[in-house]
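Source file: run.txt. Holds: compact mmCIF, C-alpha atoms and all ligand atoms.
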# COMPACT_ATOMS: atom_id res chain seq x y z
CA MET A 27 44.45 -3.87 32.19
CA SER A 28 40.79 -4.63 31.77
CA LYS A 29 38.03 -3.27 33.88
CA ARG A 30 36.04 -5.88 35.65
CA LEU A 31 32.62 -4.94 36.84
CA PRO A 32 31.37 -6.99 39.73
CA PRO A 33 28.14 -8.74 38.82
CA ASN A 34 25.94 -7.11 41.41
CA THR A 35 22.53 -7.41 39.87
CA LEU A 36 20.71 -9.98 37.80
CA ALA A 37 20.55 -7.47 34.96
CA SER A 38 24.32 -7.24 34.86
CA ILE A 39 24.56 -10.99 34.50
CA GLY A 40 21.95 -11.27 31.78
CA ASP A 41 19.58 -14.08 30.99
CA GLY A 42 21.69 -17.12 30.63
CA ALA A 43 24.84 -15.47 29.35
CA LEU A 44 26.67 -16.45 32.48
CA PRO A 45 26.02 -19.48 34.62
CA LEU A 46 25.00 -18.83 38.17
CA TYR A 47 25.47 -21.14 41.10
CA ALA A 48 24.03 -21.22 44.57
CA HIS A 49 26.74 -22.26 46.94
CA CYS A 50 26.03 -23.37 50.50
CA LEU A 51 28.68 -22.11 52.89
CA ARG A 52 27.71 -24.65 55.50
CA CYS A 53 27.88 -27.99 53.72
CA ARG A 54 29.53 -26.81 50.48
CA HIS A 55 26.68 -28.15 48.44
CA TRP A 56 26.10 -26.17 45.28
CA SER A 57 23.70 -26.27 42.39
CA PRO A 58 23.24 -24.28 39.21
CA VAL A 59 20.41 -21.76 39.28
CA LYS A 60 18.65 -20.10 36.40
CA VAL A 61 19.02 -16.35 36.20
CA LEU A 62 15.68 -16.12 34.45
CA GLU A 63 13.88 -17.83 37.32
CA LEU A 64 15.52 -15.62 39.91
CA ALA A 65 14.58 -12.58 37.83
CA LYS A 66 10.96 -13.71 37.78
CA ARG A 67 10.96 -13.98 41.56
CA PHE A 68 13.08 -11.02 42.57
CA GLY A 69 13.24 -8.78 39.50
CA TRP A 70 16.15 -7.90 37.25
CA GLY A 71 17.27 -5.10 39.51
CA ALA A 72 17.77 -7.40 42.48
CA GLY A 73 21.31 -7.67 43.73
CA LEU A 74 22.98 -11.01 44.28
CA GLY A 75 23.61 -10.01 47.87
CA ASP A 76 19.89 -9.46 48.37
CA ILE A 77 18.84 -12.74 46.82
CA ALA A 78 21.41 -15.01 48.44
CA PRO A 79 19.94 -14.74 51.98
CA LYS A 80 16.54 -15.80 50.59
CA LEU A 81 17.84 -19.01 49.15
CA ARG A 82 17.91 -22.22 51.06
CA CYS A 83 20.33 -25.05 50.63
CA LEU A 84 18.64 -28.08 49.10
CA SER A 85 21.00 -30.36 50.90
CA CYS A 86 21.17 -29.17 54.52
CA GLY A 87 18.48 -26.47 54.64
CA SER A 88 20.92 -23.78 55.65
CA LYS A 89 20.26 -20.22 54.57
CA ASN A 90 23.91 -19.44 54.60
CA CYS A 91 24.27 -19.38 50.84
CA GLU A 92 26.07 -17.25 48.34
CA LEU A 93 25.49 -16.71 44.66
CA VAL A 94 28.51 -17.09 42.47
CA THR A 95 29.05 -16.87 38.73
CA ARG A 96 31.80 -19.40 38.81
CA LYS A 97 31.52 -23.04 39.69
CA PRO A 98 32.80 -23.38 43.25
CA LYS A 99 35.95 -25.36 43.40
CA GLU A 100 35.64 -28.69 45.01
CA SER A 101 38.13 -29.26 47.72
CA ARG A 102 39.84 -32.54 47.19
CA CYS A 103 42.23 -34.44 49.33
CA SER A 104 45.62 -34.27 47.67
CA ARG A 105 46.41 -37.80 48.73
CA CYS A 106 43.30 -39.79 47.92
CA GLY A 107 41.58 -37.36 45.54
CA ARG A 108 38.28 -37.55 47.41
CA PRO A 109 36.20 -34.44 47.92
CA TYR A 110 35.85 -33.30 51.49
ZN ZN A 201 24.02 -26.91 52.71

Mind turning this structure into structure tokens?
Ligand SMILES: [Zn+2]
Amino acid sequence: MSKRLPPNTLASIGDGALPLYAHCLRCRHWSPVKVLELAKRFGWGAGLGDIAPKLRCLSCGSKNCELVTRKPKESRCSRCGRPY
């Protein structure tokens, strides 16, 4: 059993140790973001939950985004293999 700490703040993620992705919950667009740049804007003590509402989707302009440390899985049609 290993303890898993939820990555709540930028400091807990570290500068570049883990990848960070902004994921749009509206159109499913996602893009990698740099922890260092977020830290410059919001500070190392900023929580992911505080930063996420301030981000805007580059694709649809929605502010309904989340920050994730794992690449969001693409949903693909099991029959044709196309993302949807
Ligand atoms: Zn979007």

Å distance separating CA of Pro45 (chain A) from CA of Arg67 (chain A), one decimal place: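 Interatomic distance here is 17.5 Å.
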
At most 7 Å from ligand ZN 201 (chain A) (only C-alpha atoms and all ligand atoms): residue list as an MDAnalysis selection string: chainID A and resid 50:55 83:88

Neighbour list for region 77-82 of chain A as number ranges by chain, cut-off 8 Å, only C-alpha atoms, skip fewer than 5 positions in-chain: A: 48, 68, 72, 87-93

Nearest to Ser38 (chain A), chosen from A:Lys66, A:Ser104, A:Lys97, A:Gly73, with only C-alpha atoms counted in the distances: A:Gly73

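For the pair CA of Arg102 (chain A) and CA of Leu44 (chain A), the interatomic distance is 25.5 Å.
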